[in-house]
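Participant: My questions will all concern the structure given below.
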Amino acid sequence: MDQIRRGCLQVYTGNGKGKTTASLGLAMRATGHGHKVMMIQFMKGWTNYGELITAEKYLPNMTIEQFGLETFVDKENPSSEDIGMAQKGIDRARAVLSGGGYHLVILDEINVALDYNLIKLDQVMELISIRPPHVELVLTGRNAHEKVIEAADLVTEINLVKHPFYQGVEAREGIEF
Ligand code: ATP
Ligand code: MG
């Protein structure tokens with residue numbers, strides 16, 4: 001692996017649509033150059049996302065692993081299973097980052113997992129601190145913590161201007177999932 005190129009810490013946050021899909025666009029770009037990509041998804045366990053199917057079927061250099069349940073997490077009262085899964089995600093992210101075998105590591109919805117108290121700020125900061133210099137690390141999810149934003153090299157806030165959800169349009173296959 002190319003050890004010379006500088007990796008950055010990127011954060012995609014905000015309340016508009018496009019954070020996870022922006023990271024997937026980056027993954028598509030990276031795999032095109034033969035880079036190895038790992039996406040670890042927090043708070044997601046539903047397997048019908050198009051990106052899971054695409055990675056599995058067509059992208060040998062990209063792996064997506066889920067560390068969540070199929071059901072939504074109750075912010076006020078997360079279950080011990082929600083917390084346990086998120087903690088497993090942290091362990092997996094630590095192993096992936098310290099192994100250094102991936103060029104691009106995406107921790108999808110990790111900002112939300114922190115905001116919902118499934119994981120601790122110290123754990124996120126530890127992952128940030130062990131990123132090997134050549135690895136690009138991307139953290140997605142709304143309400144990114146100010147300490148995470150401070151540590152980042154690149155922060156993009158995607159703001160909601162309009163979303164068809166507010167016209168009653170439900171999540172659509174191939175667009176929202
Ligand atoms: P995407 O996965 O489409 O890139 P996202 O990662 O920016 O969206 P999340 O905050 O993770 O969005 O939201 C989860 C789901 O809700 C996704 O299916 C997303 O398309 C949809 N969504 C995003 N923003 C909004 C919004 N403002 N109102 C309603 N639904 C939204
Ligand atoms: Mg998302």
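Residue numbering restarts at 1 in every chain; chains get A, B, ... in the order shown in the structure tokens, and ligands count up from 1 in that same order.
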Report as a list in words all protein, DNA and RNA residues lying within 10 Å of Tyr49 of chain A, evaluated on only C-alpha atoms, omitting residues in the same chain fewer than 4 positions from it.
Facilitator: Lys44, Gly45, Ile53, Thr54, Glu173, Gly174, Ile175, Glu176 and Phe177 of chain A
Participant: Using the chain letters and numbers from this document, which residues of segment 8-92 of chain A does DSSP assign to strand (DSSP E or B), as a PDB file with N, CA, C and O atoms, in the first residue's frame?
Facilitator:
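What landed in result.pdb:
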ATOM      1  N   LEU A   9      -9.036  13.378   7.713  1.00  0.00           N
ATOM      2  CA  LEU A   9     -10.258  13.050   8.439  1.00  0.00           C
ATOM      3  C   LEU A   9     -11.382  13.926   7.878  1.00  0.00           C
ATOM      4  O   LEU A   9     -11.295  15.154   7.906  1.00  0.00           O
ATOM      5  N   GLN A  10     -12.395  13.266   7.347  1.00  0.00           N
ATOM      6  CA  GLN A  10     -13.535  13.976   6.770  1.00  0.00           C
ATOM      7  C   GLN A  10     -14.795  13.738   7.598  1.00  0.00           C
ATOM      8  O   GLN A  10     -15.000  12.639   8.112  1.00  0.00           O
ATOM      9  N   VAL A  11     -15.634  14.750   7.658  1.00  0.00           N
ATOM     10  CA  VAL A  11     -16.917  14.639   8.359  1.00  0.00           C
ATOM     11  C   VAL A  11     -18.029  15.130   7.431  1.00  0.00           C
ATOM     12  O   VAL A  11     -17.940  16.227   6.889  1.00  0.00           O
ATOM     13  N   TYR A  12     -19.044  14.289   7.229  1.00  0.00           N
ATOM     14  CA  TYR A  12     -20.247  14.707   6.491  1.00  0.00           C
ATOM     15  C   TYR A  12     -21.402  14.748   7.475  1.00  0.00           C
ATOM     16  O   TYR A  12     -21.822  13.711   7.998  1.00  0.00           O
ATOM     17  N   THR A  13     -21.887  15.942   7.743  1.00  0.00           N
ATOM     18  CA  THR A  13     -22.940  16.086   8.741  1.00  0.00           C
ATOM     19  C   THR A  13     -24.041  17.005   8.207  1.00  0.00           C
ATOM     20  O   THR A  13     -24.055  17.353   7.028  1.00  0.00           O
ATOM     21  N   VAL A  37     -11.607  -0.353   0.445  1.00  0.00           N
ATOM     22  CA  VAL A  37     -12.562   0.463   1.201  1.00  0.00           C
ATOM     23  C   VAL A  37     -13.312  -0.399   2.219  1.00  0.00           C
ATOM     24  O   VAL A  37     -13.799  -1.480   1.883  1.00  0.00           O
ATOM     25  N   MET A  38     -13.412   0.111   3.423  1.00  0.00           N
ATOM     26  CA  MET A  38     -14.244  -0.513   4.459  1.00  0.00           C
ATOM     27  C   MET A  38     -15.262   0.494   4.938  1.00  0.00           C
ATOM     28  O   MET A  38     -14.908   1.608   5.335  1.00  0.00           O
ATOM     29  N   MET A  39     -16.535   0.124   4.865  1.00  0.00           N
ATOM     30  CA  MET A  39     -17.586   0.947   5.483  1.00  0.00           C
ATOM     31  C   MET A  39     -18.164   0.169   6.659  1.00  0.00           C
ATOM     32  O   MET A  39     -18.632  -0.952   6.503  1.00  0.00           O
ATOM     33  N   ILE A  40     -18.105   0.789   7.820  1.00  0.00           N
ATOM     34  CA  ILE A  40     -18.712   0.218   9.018  1.00  0.00           C
ATOM     35  C   ILE A  40     -19.950   1.048   9.318  1.00  0.00           C
ATOM     36  O   ILE A  40     -19.858   2.269   9.462  1.00  0.00           O
ATOM     37  N   GLN A  41     -21.090   0.399   9.346  1.00  0.00           N
ATOM     38  CA  GLN A  41     -22.344   1.129   9.555  1.00  0.00           C
ATOM     39  C   GLN A  41     -22.832   0.952  10.986  1.00  0.00           C
ATOM     40  O   GLN A  41     -23.075  -0.172  11.434  1.00  0.00           O
ATOM     41  N   PHE A  42     -22.989   2.061  11.655  1.00  0.00           N
ATOM     42  CA  PHE A  42     -23.579   2.067  12.994  1.00  0.00           C
ATOM     43  C   PHE A  42     -25.095   2.229  12.857  1.00  0.00           C
ATOM     44  O   PHE A  42     -25.572   2.905  11.938  1.00  0.00           O
ATOM     45  N   MET A  62     -14.455  -3.455  -1.883  1.00  0.00           N
ATOM     46  CA  MET A  62     -15.232  -2.736  -0.880  1.00  0.00           C
ATOM     47  C   MET A  62     -16.035  -3.690  -0.005  1.00  0.00           C
ATOM     48  O   MET A  62     -16.707  -4.585  -0.497  1.00  0.00           O
ATOM     49  N   THR A  63     -15.941  -3.471   1.297  1.00  0.00           N
ATOM     50  CA  THR A  63     -16.686  -4.281   2.272  1.00  0.00           C
ATOM     51  C   THR A  63     -17.565  -3.351   3.090  1.00  0.00           C
ATOM     52  O   THR A  63     -17.116  -2.289   3.522  1.00  0.00           O
ATOM     53  N   ILE A  64     -18.809  -3.758   3.302  1.00  0.00           N
ATOM     54  CA  ILE A  64     -19.703  -3.021   4.206  1.00  0.00           C
ATOM     55  C   ILE A  64     -20.123  -3.973   5.321  1.00  0.00           C
ATOM     56  O   ILE A  64     -20.576  -5.084   5.051  1.00  0.00           O
ATOM     57  N   GLU A  65     -19.917  -3.555   6.545  1.00  0.00           N
ATOM     58  CA  GLU A  65     -20.322  -4.357   7.695  1.00  0.00           C
ATOM     59  C   GLU A  65     -21.287  -3.539   8.545  1.00  0.00           C
ATOM     60  O   GLU A  65     -21.063  -2.353   8.786  1.00  0.00           O
ATOM     61  N   GLN A  66     -22.339  -4.190   9.017  1.00  0.00           N
ATOM     62  CA  GLN A  66     -23.372  -3.490   9.797  1.00  0.00           C
ATOM     63  C   GLN A  66     -23.291  -3.843  11.276  1.00  0.00           C
ATOM     64  O   GLN A  66     -23.146  -5.014  11.638  1.00  0.00           O
ATOM     65  N   PHE A  67     -23.426  -2.820  12.092  1.00  0.00           N
ATOM     66  CA  PHE A  67     -23.424  -3.011  13.546  1.00  0.00           C
ATOM     67  C   PHE A  67     -24.635  -2.312  14.156  1.00  0.00           C
ATOM     68  O   PHE A  67     -24.526  -1.339  14.893  1.00  0.00           O
TER      69      PHE A  67
END
Participant: Using only C-alpha atoms, which of the listed residues (A:Gln123, A:Thr31, A:Asn111, A:Thr47) sits closest to Asn61 of chain A?
Facilitator: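 Smallest distance to Asn61 of chain A is found for A:Thr31.
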Participant: May I have all residues of segment 69-164 of chain A that DSSP, computed from the backbone, assigns to alpha helix (DSSP H), given as a ChimeraX atom specification?
Facilitator: /A:80-99,110-115,121-130,146-151
Participant: Next, dump the selected residues to file, keeping only N, CA and C atoms, as a tab-separated table (two decimals), in the first residue's frame.
Facilitator:
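Full text of part.tsv as output:
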chain	number	residue	atom	x	y	z
A	80	SER	N	-30.11	-2.28	25.41
A	80	SER	CA	-28.74	-2.74	25.67
A	80	SER	C	-28.18	-3.39	24.41
A	81	GLU	N	-29.07	-3.93	23.58
A	81	GLU	CA	-28.63	-4.54	22.32
A	81	GLU	C	-28.12	-3.46	21.35
A	82	ASP	N	-28.82	-2.32	21.30
A	82	ASP	CA	-28.36	-1.21	20.46
A	82	ASP	C	-26.95	-0.78	20.89
A	83	ILE	N	-26.79	-0.66	22.19
A	83	ILE	CA	-25.49	-0.22	22.73
A	83	ILE	C	-24.42	-1.28	22.45
A	84	GLY	N	-24.78	-2.54	22.67
A	84	GLY	CA	-23.83	-3.64	22.45
A	84	GLY	C	-23.36	-3.71	21.00
A	85	MET	N	-24.30	-3.53	20.07
A	85	MET	CA	-23.94	-3.57	18.64
A	85	MET	C	-23.00	-2.41	18.30
A	86	ALA	N	-23.33	-1.22	18.81
A	86	ALA	CA	-22.50	-0.04	18.52
A	86	ALA	C	-21.09	-0.23	19.09
A	87	GLN	N	-21.02	-0.84	20.26
A	87	GLN	CA	-19.71	-1.10	20.88
A	87	GLN	C	-18.90	-2.09	20.03
A	88	LYS	N	-19.59	-3.07	19.47
A	88	LYS	CA	-18.91	-4.02	18.56
A	88	LYS	C	-18.40	-3.28	17.32
A	89	GLY	N	-19.18	-2.30	16.87
A	89	GLY	CA	-18.75	-1.48	15.72
A	89	GLY	C	-17.47	-0.72	16.04
A	90	ILE	N	-17.40	-0.19	17.26
A	90	ILE	CA	-16.19	0.52	17.69
A	90	ILE	C	-14.98	-0.43	17.69
A	91	ASP	N	-15.18	-1.62	18.23
A	91	ASP	CA	-14.09	-2.61	18.27
A	91	ASP	C	-13.62	-2.97	16.85
A	92	ARG	N	-14.60	-3.13	15.97
A	92	ARG	CA	-14.27	-3.49	14.60
A	92	ARG	C	-13.51	-2.33	13.93
A	93	ALA	N	-13.98	-1.10	14.16
A	93	ALA	CA	-13.32	0.07	13.57
A	93	ALA	C	-11.89	0.19	14.08
A	94	ARG	N	-11.69	-0.10	15.36
A	94	ARG	CA	-10.34	-0.03	15.94
A	94	ARG	C	-9.43	-1.04	15.24
A	95	ALA	N	-9.95	-2.26	15.07
A	95	ALA	CA	-9.15	-3.32	14.42
A	95	ALA	C	-8.84	-2.96	12.97
A	96	VAL	N	-9.83	-2.43	12.27
A	96	VAL	CA	-9.65	-2.07	10.86
A	96	VAL	C	-8.63	-0.95	10.72
A	97	LEU	N	-8.73	0.07	11.58
A	97	LEU	CA	-7.81	1.21	11.49
A	97	LEU	C	-6.40	0.80	11.90
A	98	SER	N	-6.28	0.03	12.95
A	98	SER	CA	-4.93	-0.32	13.40
A	98	SER	C	-4.29	-1.34	12.48
A	99	GLY	N	-5.13	-2.13	11.79
A	99	GLY	CA	-4.59	-3.09	10.81
A	99	GLY	C	-3.97	-2.39	9.61
A	110	ILE	N	-21.72	7.22	12.57
A	110	ILE	CA	-21.05	7.21	13.89
A	110	ILE	C	-21.39	8.48	14.67
A	111	ASN	N	-21.60	9.58	13.95
A	111	ASN	CA	-21.96	10.83	14.65
A	111	ASN	C	-23.29	10.68	15.39
A	112	VAL	N	-24.21	9.93	14.77
A	112	VAL	CA	-25.53	9.72	15.38
A	112	VAL	C	-25.41	8.77	16.57
A	113	ALA	N	-24.58	7.74	16.42
A	113	ALA	CA	-24.37	6.79	17.52
A	113	ALA	C	-23.83	7.52	18.76
A	114	LEU	N	-22.97	8.50	18.52
A	114	LEU	CA	-22.44	9.30	19.64
A	114	LEU	C	-23.53	10.22	20.21
A	115	ASP	N	-24.26	10.85	19.32
A	115	ASP	CA	-25.34	11.75	19.74
A	115	ASP	C	-26.40	11.01	20.56
A	121	LEU	N	-17.64	9.78	23.48
A	121	LEU	CA	-16.77	10.70	22.74
A	121	LEU	C	-15.32	10.20	22.76
A	122	ASP	N	-14.86	9.73	23.92
A	122	ASP	CA	-13.48	9.22	24.03
A	122	ASP	C	-13.20	8.12	23.01
A	123	GLN	N	-14.20	7.30	22.77
A	123	GLN	CA	-14.01	6.18	21.83
A	123	GLN	C	-13.85	6.70	20.41
A	124	VAL	N	-14.64	7.71	20.06
A	124	VAL	CA	-14.52	8.28	18.72
A	124	VAL	C	-13.17	8.98	18.57
A	125	MET	N	-12.78	9.73	19.61
A	125	MET	CA	-11.51	10.44	19.55
A	125	MET	C	-10.34	9.46	19.47
A	126	GLU	N	-10.48	8.30	20.12
A	126	GLU	CA	-9.42	7.29	20.05
A	126	GLU	C	-9.29	6.77	18.61
A	127	LEU	N	-10.42	6.51	17.97
A	127	LEU	CA	-10.37	6.03	16.58
A	127	LEU	C	-9.70	7.07	15.69
A	128	ILE	N	-10.04	8.34	15.94
A	128	ILE	CA	-9.44	9.43	15.15
A	128	ILE	C	-7.92	9.43	15.37
A	129	SER	N	-7.51	9.20	16.61
A	129	SER	CA	-6.08	9.29	16.93
A	129	SER	C	-5.26	8.12	16.39
A	130	ILE	N	-5.90	6.97	16.17
A	130	ILE	CA	-5.12	5.81	15.68
A	130	ILE	C	-5.15	5.70	14.15
A	146	GLU	N	-18.81	18.69	18.36
A	146	GLU	CA	-17.89	19.81	18.08
A	146	GLU	C	-16.42	19.41	18.17
A	147	LYS	N	-16.10	18.45	19.04
A	147	LYS	CA	-14.71	17.98	19.15
A	147	LYS	C	-14.28	17.22	17.90
A	148	VAL	N	-15.25	16.51	17.32
A	148	VAL	CA	-14.98	15.76	16.09
A	148	VAL	C	-14.76	16.74	14.94
A	149	ILE	N	-15.58	17.76	14.89
A	149	ILE	CA	-15.45	18.80	13.86
A	149	ILE	C	-14.10	19.51	13.99
A	150	GLU	N	-13.72	19.77	15.21
A	150	GLU	CA	-12.44	20.43	15.49
A	150	GLU	C	-11.25	19.58	15.00
A	151	ALA	N	-11.37	18.27	15.17
A	151	ALA	CA	-10.27	17.36	14.80
A	151	ALA	C	-10.17	17.13	13.29
Participant: Could you please determine the separation between atom 19 (C, counted along the ligand's line) of ligand 1 and atom CA of Lys17 of chain A in Å, to one decimal place?
Facilitator: 5.3 Å
Participant: Could you list, as an MDAnalysis selection string, all residues that come within 8 Å of ligand 2? Count only C-alpha atoms and all ligand atoms.
Facilitator: chainID A and resid 17:21 108:109 140:142
Participant: Write the residues of the preceding selection, restricted to N, CA and C atoms, as a compact mmCIF listing (two decimals), in the first residue's frame.
Facilitator:
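The result, stored in result.txt:
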# COMPACT_ATOMS: atom_id res chain seq x y z
N LYS A 17 -30.33 15.49 2.98
CA LYS A 17 -30.00 14.17 2.42
C LYS A 17 -28.70 14.21 1.65
N GLY A 18 -27.85 13.21 1.84
CA GLY A 18 -26.66 13.07 1.01
C GLY A 18 -25.39 12.71 1.73
N LYS A 19 -25.46 12.49 3.03
CA LYS A 19 -24.23 12.22 3.80
C LYS A 19 -23.71 10.81 3.51
N THR A 20 -24.56 9.83 3.69
CA THR A 20 -24.13 8.44 3.43
C THR A 20 -23.82 8.26 1.95
N THR A 21 -24.67 8.83 1.09
CA THR A 21 -24.43 8.64 -0.34
C THR A 21 -23.18 9.39 -0.81
N ASP A 108 -20.06 4.99 9.02
CA ASP A 108 -21.35 5.57 8.65
C ASP A 108 -22.25 5.69 9.88
N GLU A 109 -22.82 6.86 10.06
CA GLU A 109 -23.72 7.19 11.18
C GLU A 109 -23.05 7.17 12.55
N THR A 140 -19.73 9.90 9.11
CA THR A 140 -20.98 10.50 8.65
C THR A 140 -22.03 10.55 9.76
N GLY A 141 -23.05 11.35 9.50
CA GLY A 141 -24.20 11.43 10.39
C GLY A 141 -24.44 12.82 10.90
N ARG A 142 -25.73 13.11 11.13
CA ARG A 142 -26.10 14.45 11.61
C ARG A 142 -25.57 14.70 13.02
Participant: Which residue is closest to Arg29 of chain A? Choose from A:Lys75, A:His103, A:His134, A:Arg5 and count only C-alpha atoms.
Facilitator: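 Nearest candidate to Arg29 of chain A out of A:Lys75, A:His103, A:His134, A:Arg5: A:His103.
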Participant: Taking only C-alpha atoms and all ligand atoms into account, name the residue in A:Met43, A:Val73, A:Val135, A:Ala22 that is nearest to ligand 1.
Facilitator: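 Closest candidate: A:Ala22.
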Participant: Which residue out of A:Gly25, A:Gly34, A:Pro78, A:Pro164 has the minimum interatomic distance to Tyr116 of chain A when only C-alpha atoms are used?
Facilitator: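 Selected residue with least distance to Tyr116 of chain A: A:Pro78.
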Participant: What does the structure give for the distance between atom CA of Leu139 of chain A and atom 2 (O, counted along the ligand's line) of ligand 1, in Å to one decimal?
Facilitator: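 Atom-to-atom, atom CA of Leu139 of chain A and atom 2 (O, counted along the ligand's line) of ligand 1 are spaced 13.1 Å apart.
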Participant: Would you please work out which residue, of A:Cys8, A:Ala30, A:Val169, A:Leu137, is nearest to ligand 1 when using only C-alpha atoms and all ligand atoms?
Facilitator: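 Among the listed residues, A:Val169 lies closest to ligand 1.
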Participant: May I ask which of the residues A:Gly168, A:Gly32, A:Pro60, A:Gly68 is the closest one to ligand 1, counting only C-alpha atoms and all ligand atoms?
Facilitator: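 Smallest separation from ligand 1 among the options: A:Gly168.
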Participant: Please report the interatomic distance between atom 26 (C, counted along the ligand's line) of ligand 1 and atom CA of Ala171 of chain A in Å with one decimal.
Facilitator: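 One can read the atom 26 (C, counted along the ligand's line) of ligand 1 to atom CA of Ala171 of chain A distance as 10.2 Å.
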